[in-house]
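Engineer: Just so it is clear, I am handing over protein02.txt, which has compact mmCIF, C-alpha atoms.
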```txt
# COMPACT_ATOMS: atom_id res chain seq x y z
CA MET Z 11 46.23 -49.91 -20.97
CA ASN Z 12 48.62 -52.89 -20.97
CA ALA Z 13 48.92 -54.11 -24.56
CA GLY Z 14 49.94 -57.53 -23.24
CA TYR Z 15 46.63 -58.11 -21.50
CA ASP Z 16 44.67 -60.64 -23.57
CA PHE Z 17 41.26 -59.93 -22.03
CA LYS Z 18 39.40 -62.36 -24.29
CA LYS Z 19 41.52 -65.30 -23.19
CA ILE Z 20 42.01 -64.38 -19.55
CA GLU Z 21 38.51 -63.18 -18.75
CA ALA Z 22 36.85 -66.08 -20.57
CA LYS Z 23 38.84 -68.52 -18.43
CA TRP Z 24 37.97 -66.94 -15.08
CA ARG Z 25 34.46 -66.05 -16.14
CA ASP Z 26 33.46 -69.73 -16.11
CA PHE Z 27 35.88 -70.93 -13.42
CA TRP Z 28 33.54 -70.12 -10.57
CA ARG Z 29 30.54 -71.71 -12.24
CA ASP Z 30 32.41 -74.87 -13.28
CA ASN Z 31 33.70 -75.33 -9.74
CA LYS Z 32 30.21 -74.83 -8.26
CA PHE Z 33 31.43 -71.87 -6.24
CA PHE Z 34 27.87 -70.64 -5.79
CA GLU Z 35 26.20 -73.99 -5.12
CA PRO Z 36 26.07 -74.22 -1.32
CA ASP Z 37 25.64 -77.41 0.65
CA LEU Z 38 22.32 -76.74 2.35
CA SER Z 39 22.89 -79.57 4.82
CA ASP Z 40 25.60 -77.37 6.33
CA THR Z 41 23.60 -75.20 8.71
CA GLY Z 42 26.51 -73.22 10.05
CA ASN Z 43 26.99 -69.53 9.22
CA LYS Z 44 24.18 -69.46 6.65
CA MET Z 45 23.46 -66.44 4.47
CA TYR Z 46 20.56 -66.00 2.05
CA TYR Z 47 21.08 -63.28 -0.53
CA LEU Z 48 18.15 -62.43 -2.82
CA ASN Z 49 18.68 -59.76 -5.43
CA MET Z 50 15.85 -58.21 -7.42
CA PHE Z 51 14.41 -60.30 -10.25
CA PRO Z 52 14.79 -58.69 -13.70
CA TYR Z 53 11.89 -58.14 -16.09
CA PRO Z 54 12.58 -60.20 -19.25
CA SER Z 55 10.78 -57.78 -21.57
CA GLY Z 56 13.94 -57.11 -23.59
CA GLU Z 57 17.71 -57.39 -23.38
CA MET Z 58 19.56 -56.11 -20.35
CA HIS Z 59 21.66 -52.96 -20.67
CA VAL Z 60 24.59 -51.67 -18.68
CA GLY Z 61 22.26 -50.01 -16.17
CA HIS Z 62 20.96 -53.42 -15.16
CA GLY Z 63 24.49 -54.57 -14.44
CA ARG Z 64 24.77 -52.23 -11.49
CA ASN Z 65 22.21 -54.32 -9.58
CA TRP Z 66 23.70 -57.75 -10.11
CA LEU Z 67 27.39 -56.90 -10.29
CA ILE Z 68 27.23 -55.35 -6.82
CA GLY Z 69 25.29 -58.35 -5.50
CA ASP Z 70 27.77 -60.73 -7.08
CA ALA Z 71 30.70 -58.92 -5.46
CA TYR Z 72 28.99 -58.94 -2.07
CA CYS Z 73 28.23 -62.67 -2.25
CA ARG Z 74 31.84 -63.44 -3.19
CA TYR Z 75 32.98 -61.39 -0.21
CA LEU Z 76 30.68 -63.33 2.12
CA ILE Z 77 31.88 -66.66 0.73
CA MET Z 78 35.52 -65.67 1.26
CA LYS Z 79 34.56 -64.75 4.83
CA GLY Z 80 33.40 -68.34 5.32
CA CYS Z 81 29.64 -67.88 4.90
CA ASN Z 82 27.46 -70.55 3.35
CA VAL Z 83 25.69 -68.32 0.80
CA LEU Z 84 22.51 -69.18 -1.10
CA ASN Z 85 22.10 -66.76 -4.03
CA PRO Z 86 19.25 -67.81 -6.39
CA MET Z 87 18.01 -66.13 -9.58
CA GLY Z 88 14.55 -65.63 -11.02
CA TYR Z 89 12.65 -63.59 -13.59
CA ASP Z 90 9.66 -61.36 -12.92
CA ALA Z 91 8.10 -62.58 -16.14
CA PHE Z 92 4.42 -61.69 -15.78
CA GLY Z 93 3.14 -58.25 -16.66
CA LEU Z 94 2.39 -55.72 -19.32
CA PRO Z 95 5.96 -54.77 -20.40
CA ALA Z 96 6.72 -58.27 -21.72
CA GLU Z 97 3.27 -58.64 -23.25
CA ASN Z 98 3.41 -55.24 -24.95
CA ALA Z 99 6.88 -55.90 -26.33
CA ALA Z 100 5.69 -59.21 -27.78
CA ILE Z 101 2.63 -57.59 -29.35
CA ASP Z 102 4.77 -54.89 -30.95
CA ARG Z 103 6.95 -57.56 -32.57
CA GLY Z 104 4.15 -59.93 -33.54
CA ILE Z 105 5.62 -62.68 -31.34
CA HIS Z 106 3.78 -64.87 -28.84
CA PRO Z 107 4.53 -63.56 -25.31
CA LYS Z 108 5.66 -67.03 -24.21
CA SER Z 109 8.29 -67.29 -26.95
CA TRP Z 110 9.40 -63.69 -26.49
CA THR Z 111 9.81 -64.08 -22.74
CA GLU Z 112 11.63 -67.43 -22.87
CA ASN Z 113 14.03 -66.13 -25.53
CA ASN Z 114 14.79 -63.09 -23.38
CA ILE Z 115 15.44 -65.26 -20.34
CA GLU Z 116 17.98 -67.27 -22.32
CA THR Z 117 19.59 -63.99 -23.45
CA PHE Z 118 19.76 -62.88 -19.81
CA ARG Z 119 21.54 -66.11 -18.88
CA GLN Z 120 24.17 -65.49 -21.55
CA GLN Z 121 24.59 -61.87 -20.49
CA PHE Z 122 25.11 -62.89 -16.87
CA ARG Z 123 27.70 -65.39 -18.03
CA ARG Z 124 29.59 -62.78 -20.05
CA TRP Z 125 29.60 -60.48 -17.05
CA GLY Z 126 30.94 -63.25 -14.85
CA VAL Z 127 27.94 -63.00 -12.53
CA VAL Z 128 27.22 -66.35 -10.90
CA PHE Z 129 24.11 -67.65 -9.11
CA ASP Z 130 22.98 -71.00 -7.83
CA TRP Z 131 21.43 -71.90 -11.17
CA ARG Z 132 19.90 -75.03 -9.64
CA ARG Z 133 17.42 -72.67 -8.02
CA GLU Z 134 16.39 -70.61 -11.03
CA LEU Z 135 12.72 -69.75 -11.51
CA ALA Z 136 10.44 -67.69 -13.75
CA THR Z 137 7.12 -66.39 -12.51
CA CYS Z 138 5.44 -67.31 -15.82
CA ASP Z 139 6.30 -70.99 -15.35
CA PRO Z 140 3.17 -73.01 -14.39
CA ARG Z 141 5.30 -74.95 -11.91
CA TYR Z 142 5.82 -71.65 -10.09
CA TYR Z 143 2.54 -69.81 -10.41
CA LYS Z 144 0.44 -72.81 -9.38
CA TRP Z 145 1.63 -71.95 -5.88
CA ASN Z 146 0.47 -68.36 -6.32
CA GLN Z 147 -2.96 -69.78 -7.15
CA TRP Z 148 -2.81 -72.11 -4.17
CA LEU Z 149 -1.87 -69.23 -1.85
CA PHE Z 150 -4.69 -67.10 -3.24
CA LEU Z 151 -7.20 -69.84 -2.45
CA GLN Z 152 -5.93 -70.00 1.13
CA PHE Z 153 -6.39 -66.23 1.46
CA TYR Z 154 -9.87 -66.51 -0.03
CA LYS Z 155 -10.89 -69.29 2.36
CA LYS Z 156 -9.75 -67.13 5.30
CA ASP Z 157 -11.75 -64.13 4.01
CA LEU Z 158 -8.53 -62.24 3.31
CA ALA Z 159 -9.22 -61.84 -0.43
CA TYR Z 160 -12.17 -59.80 -1.63
CA ARG Z 161 -13.49 -58.00 -4.72
CA LYS Z 162 -14.45 -54.38 -5.09
CA ALA Z 163 -14.52 -51.69 -7.74
CA SER Z 164 -11.43 -49.53 -7.96
CA ARG Z 165 -10.31 -46.78 -10.29
CA VAL Z 166 -7.72 -47.77 -12.90
CA ASN Z 167 -5.98 -46.26 -15.92
CA TRP Z 168 -7.79 -47.54 -19.01
CA CYS Z 169 -6.46 -47.23 -22.55
CA PRO Z 170 -9.37 -47.35 -25.04
CA GLY Z 171 -6.92 -47.92 -27.90
CA CYS Z 172 -5.16 -50.98 -26.46
CA GLU Z 173 -8.25 -51.97 -24.45
CA THR Z 174 -6.20 -52.73 -21.37
CA VAL Z 175 -5.35 -51.43 -17.92
CA LEU Z 176 -2.14 -49.42 -17.64
CA ALA Z 177 0.25 -48.91 -14.77
CA ASN Z 178 0.91 -45.28 -13.81
CA GLU Z 179 4.37 -45.56 -15.40
CA GLN Z 180 2.76 -46.33 -18.76
CA VAL Z 181 0.77 -43.10 -18.79
CA VAL Z 182 2.82 -40.22 -20.25
CA ASP Z 183 1.22 -36.76 -20.25
CA GLY Z 184 -2.20 -38.35 -19.95
CA GLN Z 185 -1.63 -40.66 -22.92
CA CYS Z 186 -0.85 -44.34 -23.41
CA GLU Z 187 2.89 -44.67 -23.99
CA ARG Z 188 2.29 -47.23 -26.74
CA CYS Z 189 -0.67 -46.05 -28.86
CA HIS Z 190 -0.87 -42.44 -27.54
CA ALA Z 191 -4.62 -42.63 -26.92
CA GLU Z 192 -6.04 -40.43 -24.17
CA VAL Z 193 -6.10 -42.53 -20.99
CA GLU Z 194 -9.37 -42.71 -19.08
CA LYS Z 195 -10.10 -43.43 -15.44
CA ARG Z 196 -12.51 -46.34 -15.05
CA ASP Z 197 -13.97 -48.21 -12.12
CA LEU Z 198 -13.29 -51.91 -12.63
CA THR Z 199 -13.96 -54.77 -10.24
CA GLN Z 200 -10.70 -56.21 -8.96
CA TRP Z 201 -9.32 -58.53 -6.31
CA PHE Z 202 -7.71 -57.15 -3.16
CA PHE Z 203 -5.97 -58.59 -0.12
CA LYS Z 204 -6.87 -57.41 3.38
CA ILE Z 205 -3.37 -56.37 4.31
CA THR Z 206 -4.95 -53.97 6.80
CA GLU Z 207 -5.67 -57.01 9.00
CA TYR Z 208 -1.94 -57.13 9.74
CA ALA Z 209 -1.21 -53.41 10.02
CA GLN Z 210 -0.67 -53.42 13.78
CA GLU Z 211 1.45 -56.56 13.65
CA LEU Z 212 3.65 -54.97 10.99
CA LEU Z 213 4.01 -51.81 13.06
CA ASP Z 214 4.88 -53.77 16.20
CA ASP Z 215 7.51 -55.83 14.41
CA LEU Z 216 9.14 -52.74 12.90
CA GLU Z 217 10.39 -51.95 16.39
CA LYS Z 218 12.31 -55.25 16.42
CA LEU Z 219 14.48 -54.20 13.45
CA GLU Z 220 17.66 -53.19 15.23
CA HIS Z 221 19.84 -52.04 12.35
CA TRP Z 222 17.35 -50.21 10.13
CA PRO Z 223 17.85 -46.42 9.86
CA GLU Z 224 15.10 -44.46 11.61
CA ARG Z 225 14.20 -42.62 8.41
CA VAL Z 226 13.53 -45.96 6.67
CA LYS Z 227 11.41 -47.17 9.57
CA THR Z 228 9.47 -43.91 9.45
CA MET Z 229 8.84 -44.45 5.74
CA GLN Z 230 7.54 -47.93 6.52
CA HIS Z 231 5.26 -46.54 9.24
CA ASN Z 232 3.83 -44.07 6.75
CA TRP Z 233 3.43 -46.71 4.06
CA ILE Z 234 1.52 -49.03 6.40
CA GLY Z 235 -0.65 -46.03 7.14
CA ARG Z 236 -2.59 -47.33 10.12
CA SER Z 237 -4.57 -44.58 11.83
CA GLU Z 238 -6.71 -44.57 14.97
CA GLY Z 239 -9.76 -42.37 15.01
CA ALA Z 240 -13.52 -42.37 14.54
CA SER Z 241 -16.08 -42.63 11.76
CA ILE Z 242 -18.62 -39.81 11.74
CA ARG Z 243 -21.79 -39.64 9.66
CA PHE Z 244 -23.02 -36.29 8.36
CA PRO Z 245 -26.67 -36.19 7.15
CA LEU Z 246 -27.06 -34.61 3.71
CA ALA Z 247 -29.70 -31.89 3.69
CA GLY Z 248 -32.63 -32.68 1.43
CA HIS Z 249 -31.55 -36.28 0.92
CA ASP Z 250 -32.14 -39.53 2.75
CA LEU Z 251 -28.38 -40.07 2.69
CA GLU Z 252 -25.42 -39.76 5.03
CA LEU Z 253 -21.83 -38.89 4.28
CA GLU Z 254 -19.38 -40.96 6.30
CA VAL Z 255 -15.90 -39.66 7.05
CA PHE Z 256 -12.98 -41.04 9.03
CA THR Z 257 -10.97 -38.67 11.20
CA THR Z 258 -8.10 -39.08 13.62
CA ARG Z 259 -9.26 -35.93 15.42
CA PRO Z 260 -13.01 -36.17 16.09
CA ASP Z 261 -12.61 -33.41 18.69
CA THR Z 262 -12.14 -30.90 15.86
CA ILE Z 263 -15.64 -31.50 14.48
CA PHE Z 264 -16.71 -28.13 15.96
CA GLY Z 265 -14.37 -26.51 13.41
CA ALA Z 266 -15.67 -28.47 10.39
CA THR Z 267 -16.91 -25.73 8.04
CA PHE Z 268 -17.21 -27.66 4.76
CA MET Z 269 -17.04 -31.21 3.42
CA VAL Z 270 -14.83 -32.44 0.56
CA LEU Z 271 -15.52 -35.51 -1.55
CA ALA Z 272 -13.11 -37.21 -3.90
CA PRO Z 273 -14.26 -36.44 -7.47
CA GLU Z 274 -14.97 -40.14 -8.06
CA HIS Z 275 -17.00 -40.57 -4.85
CA PRO Z 276 -20.30 -42.38 -5.64
CA LEU Z 277 -22.36 -39.74 -3.81
CA VAL Z 278 -21.21 -36.92 -6.11
CA GLY Z 279 -23.68 -37.81 -8.83
CA LYS Z 280 -26.52 -38.17 -6.33
CA VAL Z 281 -26.16 -34.86 -4.47
CA THR Z 282 -24.92 -32.45 -7.15
CA THR Z 283 -27.60 -29.91 -8.01
CA ALA Z 284 -28.75 -29.25 -11.56
CA GLU Z 285 -27.09 -25.82 -11.53
CA GLN Z 286 -23.70 -27.29 -10.65
CA ARG Z 287 -23.87 -30.49 -12.70
CA GLU Z 288 -22.00 -29.26 -15.77
CA ALA Z 289 -19.14 -27.69 -13.80
CA VAL Z 290 -18.83 -30.74 -11.54
CA ALA Z 291 -18.80 -33.13 -14.53
CA ALA Z 292 -16.03 -31.15 -16.21
CA TYR Z 293 -13.96 -31.14 -13.03
CA ARG Z 294 -14.43 -34.88 -12.54
CA ALA Z 295 -13.21 -35.50 -16.08
CA GLN Z 296 -10.16 -33.31 -15.45
CA ALA Z 297 -9.34 -35.08 -12.17
CA GLY Z 298 -9.77 -38.43 -13.90
CA ARG Z 299 -6.76 -37.67 -16.08
CA GLU Z 300 -4.50 -37.07 -13.09
CA THR Z 301 -2.50 -39.69 -11.23
CA ASP Z 302 -2.82 -40.13 -7.46
CA VAL Z 303 0.80 -38.99 -7.12
CA GLU Z 304 0.02 -35.71 -8.91
CA ARG Z 305 -3.08 -35.16 -6.81
CA GLN Z 306 -1.19 -35.55 -3.55
CA LYS Z 307 1.56 -33.02 -4.30
CA THR Z 308 1.46 -30.50 -1.48
CA GLU Z 309 2.81 -27.63 -3.59
CA ARG Z 310 -0.06 -27.78 -6.09
CA GLU Z 311 -2.61 -25.00 -6.08
CA LYS Z 312 -5.89 -26.24 -4.65
CA THR Z 313 -8.76 -26.73 -7.08
CA GLY Z 314 -12.35 -27.87 -6.60
CA ARG Z 315 -16.03 -27.40 -7.39
CA PHE Z 316 -19.07 -26.78 -5.22
CA THR Z 317 -21.71 -29.51 -5.64
CA GLY Z 318 -24.56 -27.27 -4.53
CA ALA Z 319 -25.33 -29.70 -1.69
CA SER Z 320 -25.08 -29.20 2.06
CA ALA Z 321 -24.31 -31.53 4.93
CA VAL Z 322 -25.43 -31.09 8.53
CA ASN Z 323 -22.78 -30.98 11.22
CA PRO Z 324 -24.15 -33.56 13.70
CA VAL Z 325 -22.68 -31.67 16.67
CA THR Z 326 -23.52 -28.03 15.87
CA GLY Z 327 -26.54 -28.62 13.62
CA GLU Z 328 -25.14 -26.13 11.09
CA LYS Z 329 -25.43 -26.68 7.36
CA ILE Z 330 -22.04 -26.75 5.67
CA PRO Z 331 -21.29 -26.84 1.92
CA VAL Z 332 -20.19 -30.03 0.14
CA TRP Z 333 -17.36 -29.63 -2.37
CA ILE Z 334 -15.31 -31.98 -4.52
CA ALA Z 335 -11.53 -31.59 -4.81
CA ASP Z 336 -8.75 -33.72 -6.26
CA TYR Z 337 -6.62 -33.61 -3.11
CA VAL Z 338 -9.05 -36.10 -1.55
CA LEU Z 339 -8.54 -39.65 -2.83
CA MET Z 340 -11.19 -42.33 -3.05
CA GLY Z 341 -8.67 -44.95 -2.02
CA TYR Z 342 -7.92 -43.31 1.33
CA GLY Z 343 -10.39 -43.63 4.19
CA THR Z 344 -13.94 -43.21 2.94
CA GLY Z 345 -13.05 -40.91 0.05
CA ALA Z 346 -14.52 -37.95 1.95
CA ILE Z 347 -13.32 -35.60 4.68
CA MET Z 348 -14.75 -33.10 7.09
CA ALA Z 349 -12.63 -30.07 6.36
CA VAL Z 350 -11.30 -28.27 9.43
CA PRO Z 351 -9.34 -25.37 7.89
CA GLY Z 352 -8.41 -23.96 11.28
CA HIS Z 353 -6.27 -27.06 11.99
CA ASP Z 354 -5.30 -28.64 8.66
CA GLN Z 355 -2.95 -27.06 6.13
CA ARG Z 356 -4.59 -28.45 2.99
CA ASP Z 357 -8.05 -27.50 4.20
CA PHE Z 358 -6.75 -24.05 5.15
CA GLU Z 359 -5.32 -23.48 1.66
CA PHE Z 360 -8.58 -24.68 0.09
CA ALA Z 361 -10.67 -22.40 2.32
CA LYS Z 362 -8.48 -19.43 1.50
CA LYS Z 363 -8.72 -20.15 -2.23
CA PHE Z 364 -12.53 -20.32 -2.23
CA ASP Z 365 -13.24 -17.87 0.61
CA LEU Z 366 -14.73 -20.49 2.93
CA ARG Z 367 -15.21 -20.11 6.66
CA ILE Z 368 -12.22 -20.82 8.92
CA LEU Z 369 -13.11 -21.63 12.51
CA PRO Z 370 -10.30 -22.55 14.96
CA VAL Z 371 -11.41 -24.56 17.98
CA ILE Z 372 -8.20 -25.66 19.71
CA ALA Z 373 -5.49 -23.43 21.20
CA PRO Z 374 -3.07 -23.29 24.14
CA GLU Z 375 -4.63 -22.15 27.43
CA ASP Z 376 -2.76 -18.86 27.46
CA SER Z 377 -3.84 -17.71 23.99
CA THR Z 378 -6.97 -16.45 22.32
CA LEU Z 379 -8.42 -17.41 18.95
CA ASP Z 380 -9.53 -14.90 16.39
CA PRO Z 381 -10.76 -16.44 13.10
CA ARG Z 382 -10.39 -13.06 11.40
CA SER Z 383 -6.63 -13.22 11.84
CA MET Z 384 -6.30 -16.47 9.91
```
Would you mind writing the file's structure down as structure tokens?
Structural biologist:
Amino acid sequence: MNAGYDFKKIEAKWRDFWRDNKFFEPDLSDTGNKMYYLNMFPYPSGEMHVGHGRNWLIGDAYCRYLIMKGCNVLNPMGYDAFGLPAENAAIDRGIHPKSWTENNIETFRQQFRRWGVVFDWRRELATCDPRYYKWNQWLFLQFYKKDLAYRKASRVNWCPGCETVLANEQVVDGQCERCHAEVEKRDLTQWFFKITEYAQELLDDLEKLEHWPERVKTMQHNWIGRSEGASIRFPLAGHDLELEVFTTRPDTIFGATFMVLAPEHPLVGKVTTAEQREAVAAYRAQAGRETDVERQKTEREKTGRFTGASAVNPVTGEKIPVWIADYVLMGYGTGAIMAVPGHDQRDFEFAKKFDLRILPVIAPEDSTLDPRSM
């Protein structure tokens, strides 16, 4: 280290040089060679640490590079200031969330300044500012008027101690990270947007992204999750009810040998027999403590319970057992599946675990099918 380097004097001078000379305040009337750079907005629930710097220091360096290349760069800053982290931090300290959040935002500004990170501060925003979120409310009303916003019950993480909904990240080993109460799964009525109305448009436009890696585009395809298939209704024996499933392969219905409901499916309580009620209730409680991410892990051993009910295969007329299992999610499709273990890996593993019938129905022309070999 050079002992003659007076970092306090030298870095303080150049730290503010770029801001004082409006280096990051572009002339928006100049429409040539424009570049809009938007970095992630930080959560002002506490002070930033060195890990945060990685995000904005890299962005700052990239914007400076673009400016030196002659680009007219707009680089704004904002704060993702709504949400439970800021509210919880304020509650812990006995401070009003508004004061806590605004103080943290001011601290962020000073930290950015000390780092030498510069934005177009004329275009700073905070999502908790009424001048900002009034437009969120306006947009919501436009969605509502177009029938693109709707209400329905959905399962959430509920902390009985804090009496609030928790994000998955706030649930640690089945407990609330703040008060350590056992987290429950509850069905609460919430607002949703019909993003599915635009699924095909999103998929079509993905093909127009020329410089995206194929693996990223594949991830986006999977996230959008649009599937083409058919809805099939299975009558429930002994009930005036039908079980609706969605499948992308209706031609495999001949190999459907059992049905699986998500543990939270509303029909579970209606069709479970008295003999199976206690076991099913215990399993539902167990599944209720699991996150959707945990339930979808492919390497997990399959678990489930028989409801005692039977459905009728509408094509073969056979009665097939109705089970519940945590690998079926209420938020996907109808929350129920026709299990075809001869042609689906998860169903196959489940059938093997519980000694259920496996009936293959599709094979190449030059081969034969023997269920006993599966």
Engineer: Just how far from atom CA of Z:Cys172 is atom CA of Z:His106, in Å to one decimal?
Structural biologist: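 Straight-line distance from atom CA of Z:His106 to atom CA of Z:Cys172 works out to 16.7 Å.
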Engineer: Excluding Z:Asp90 and its own-chain neighbours fewer than 6 positions away, which residues fall within 8 Å of it when counting all atoms listed in the file? Please give them as a PyMOL selection string.
Structural biologist: chain Z and resi 51-54+136-138
Engineer: Using all atoms listed in the file, can you tell me which of Z:Ile105, Z:Leu216, Z:Val193, Z:Val127 comes closest to Z:Thr174?
Structural biologist: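 Result for the nearest residue to Z:Thr174: Z:Val193.
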Engineer: Quick one: residues within 6 Å of stretch 233-242 of chain Z, all atoms listed in the file, excluding same-chain residues fewer than 3 positions away - as a PyMOL selection string?
Structural biologist: chain Z and resi 230+254-258
Engineer: Which residue is closest to Z:Asp197? Choose from Z:Met340, Z:Ile334, Z:Leu253, Z:Arg74 and count only C-alpha atoms.
Structural biologist: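 Nearest to Z:Asp197: Z:Met340.
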Engineer: Could you check how far atom CA of Z:Asp139 sits from atom CA of Z:Ser109, in Å to one decimal?
Structural biologist: 12.3 Å
Engineer: For Z:Met87, which of Z:Arg124, Z:Arg29, Z:Lys108, Z:Arg133 is the closest residue, counting all atoms listed in the file?
Structural biologist: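 That would be Z:Arg133, the residue with the smallest distance to Z:Met87.
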Engineer: Within 10 Å of (32.6, -66.6, -2.7) (file coordinates; only C-alpha atoms), which protein or nucleic acid residues are there? I'd like them as a short mmCIF file (atom, residue, chain, number, x, y, z; two decimals) with C-alpha atoms, in the coordinates of the input.
Structural biologist:
```cif
data_model
loop_
_atom_site.label_atom_id
_atom_site.label_comp_id
_atom_site.auth_asym_id
_atom_site.auth_seq_id
_atom_site.Cartn_x
_atom_site.Cartn_y
_atom_site.Cartn_z
CA TRP Z 28 33.54 -70.12 -10.57
CA PHE Z 33 31.43 -71.87 -6.24
CA PHE Z 34 27.87 -70.64 -5.79
CA ASP Z 70 27.77 -60.73 -7.08
CA ALA Z 71 30.70 -58.92 -5.46
CA TYR Z 72 28.99 -58.94 -2.07
CA CYS Z 73 28.23 -62.67 -2.25
CA ARG Z 74 31.84 -63.44 -3.19
CA TYR Z 75 32.98 -61.39 -0.21
CA LEU Z 76 30.68 -63.33 2.12
CA ILE Z 77 31.88 -66.66 0.73
CA MET Z 78 35.52 -65.67 1.26
CA LYS Z 79 34.56 -64.75 4.83
CA GLY Z 80 33.40 -68.34 5.32
CA CYS Z 81 29.64 -67.88 4.90
CA ASN Z 82 27.46 -70.55 3.35
CA VAL Z 83 25.69 -68.32 0.80
CA VAL Z 128 27.22 -66.35 -10.90
#
```
Engineer: If you count all atoms listed in the file, which residues fall within 7 Å of Z:Leu158, apart from same-chain ones fewer than 5 positions away, as a list in words?
Structural biologist: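 What passes the distance filter is Phe153, Phe203 and Lys204 of chain Z.
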Engineer: Can you work out which one of Z:Ala284, Z:Ala295, Z:Ala159, Z:Ala247 has the shortest atom-to-atom distance to Z:Ile205, counting all atoms listed in the file?
Structural biologist: Z:Ala159
Engineer: Contacts of stretch 347-354 of chain Z at 6 Å or less, counting all atoms listed in the file, minus same-chain residues fewer than 4 places along, as a PyMOL selection string?
Structural biologist: chain Z and resi 255+265-266+268-270+358+368-370
Engineer: I'd like the contact shell of Z:Phe122 - 12 Å cut-off, all atoms listed in the file, skipping same-chain residues fewer than 5 positions apart - returned as a ChimeraX atom specification.
Structural biologist: /Z:25-26,29,52,57-60,62-67,70,87,115-117,127-129,131
Engineer: Would you work out the distance separating atom CA of Z:Arg299 from atom CA of Z:Pro273, expressed in Å to one decimal?
Structural biologist: 11.5 Å
Engineer: For Z:Lys195, which residue out of Z:Phe150, Z:Gly298, Z:Glu211, Z:Tyr342 is the nearest one, using all atoms listed in the file?
Structural biologist: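 The answer is Z:Gly298, which sits nearest to Z:Lys195.
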Engineer: Point out the residue among Z:Leu246, Z:Lys363, Z:Gln180, Z:Cys186 with the least atom-to-atom distance to Z:Gly327, counting only C-alpha atoms.
Structural biologist: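 Ranking Z:Leu246, Z:Lys363, Z:Gln180, Z:Cys186 by distance to Z:Gly327, first place goes to Z:Leu246.
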Engineer: Box for stretch 255-270 of chain Z: with edges along x, y and z, all listed atoms inside and 4 Å added on each side, what are the centre and edge lengths in Å to one decimal, as JSON?
Structural biologist:
```
{"center_x": -12.7, "center_y": -33.4, "center_z": 9.6, "size_x": 17.1, "size_y": 23.3, "size_z": 26.1}
```
Engineer: Could you pull stretch 71-98 of chain Z out of the block above and give me C-alpha atoms, as a PDB file, in the first residue's frame?
Structural biologist:
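After the write, selection26.pdb holds the following:
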```pdb
ATOM      1  CA  ALA Z  71     -19.419   0.795 -13.601  1.00  0.00           C
ATOM      2  CA  TYR Z  72     -21.473  -0.383 -16.574  1.00  0.00           C
ATOM      3  CA  CYS Z  73     -23.330   2.934 -16.864  1.00  0.00           C
ATOM      4  CA  ARG Z  74     -20.050   4.867 -16.741  1.00  0.00           C
ATOM      5  CA  TYR Z  75     -18.717   2.648 -19.512  1.00  0.00           C
ATOM      6  CA  LEU Z  76     -21.788   3.326 -21.653  1.00  0.00           C
ATOM      7  CA  ILE Z  77     -21.529   7.073 -21.069  1.00  0.00           C
ATOM      8  CA  MET Z  78     -17.861   7.060 -22.098  1.00  0.00           C
ATOM      9  CA  LYS Z  79     -18.937   5.185 -25.231  1.00  0.00           C
ATOM     10  CA  GLY Z  80     -21.210   8.115 -26.066  1.00  0.00           C
ATOM     11  CA  CYS Z  81     -24.552   6.704 -24.886  1.00  0.00           C
ATOM     12  CA  ASN Z  82     -27.242   8.915 -23.414  1.00  0.00           C
ATOM     13  CA  VAL Z  83     -27.884   6.856 -20.250  1.00  0.00           C
ATOM     14  CA  LEU Z  84     -30.902   7.168 -17.959  1.00  0.00           C
ATOM     15  CA  ASN Z  85     -30.152   5.400 -14.655  1.00  0.00           C
ATOM     16  CA  PRO Z  86     -32.861   6.062 -12.008  1.00  0.00           C
ATOM     17  CA  MET Z  87     -33.096   4.808  -8.413  1.00  0.00           C
ATOM     18  CA  GLY Z  88     -36.005   3.667  -6.302  1.00  0.00           C
ATOM     19  CA  TYR Z  89     -36.829   1.755  -3.127  1.00  0.00           C
ATOM     20  CA  ASP Z  90     -39.026  -1.313  -2.862  1.00  0.00           C
ATOM     21  CA  ALA Z  91     -40.469   0.060   0.350  1.00  0.00           C
ATOM     22  CA  PHE Z  92     -43.694  -1.888   0.828  1.00  0.00           C
ATOM     23  CA  GLY Z  93     -43.713  -5.287   2.472  1.00  0.00           C
ATOM     24  CA  LEU Z  94     -43.282  -7.313   5.601  1.00  0.00           C
ATOM     25  CA  PRO Z  95     -39.489  -6.958   6.137  1.00  0.00           C
ATOM     26  CA  ALA Z  96     -39.700  -3.192   6.707  1.00  0.00           C
ATOM     27  CA  GLU Z  97     -42.867  -3.507   8.773  1.00  0.00           C
ATOM     28  CA  ASN Z  98     -41.454  -6.294  10.941  1.00  0.00           C
TER      29      ASN Z  98
END
```
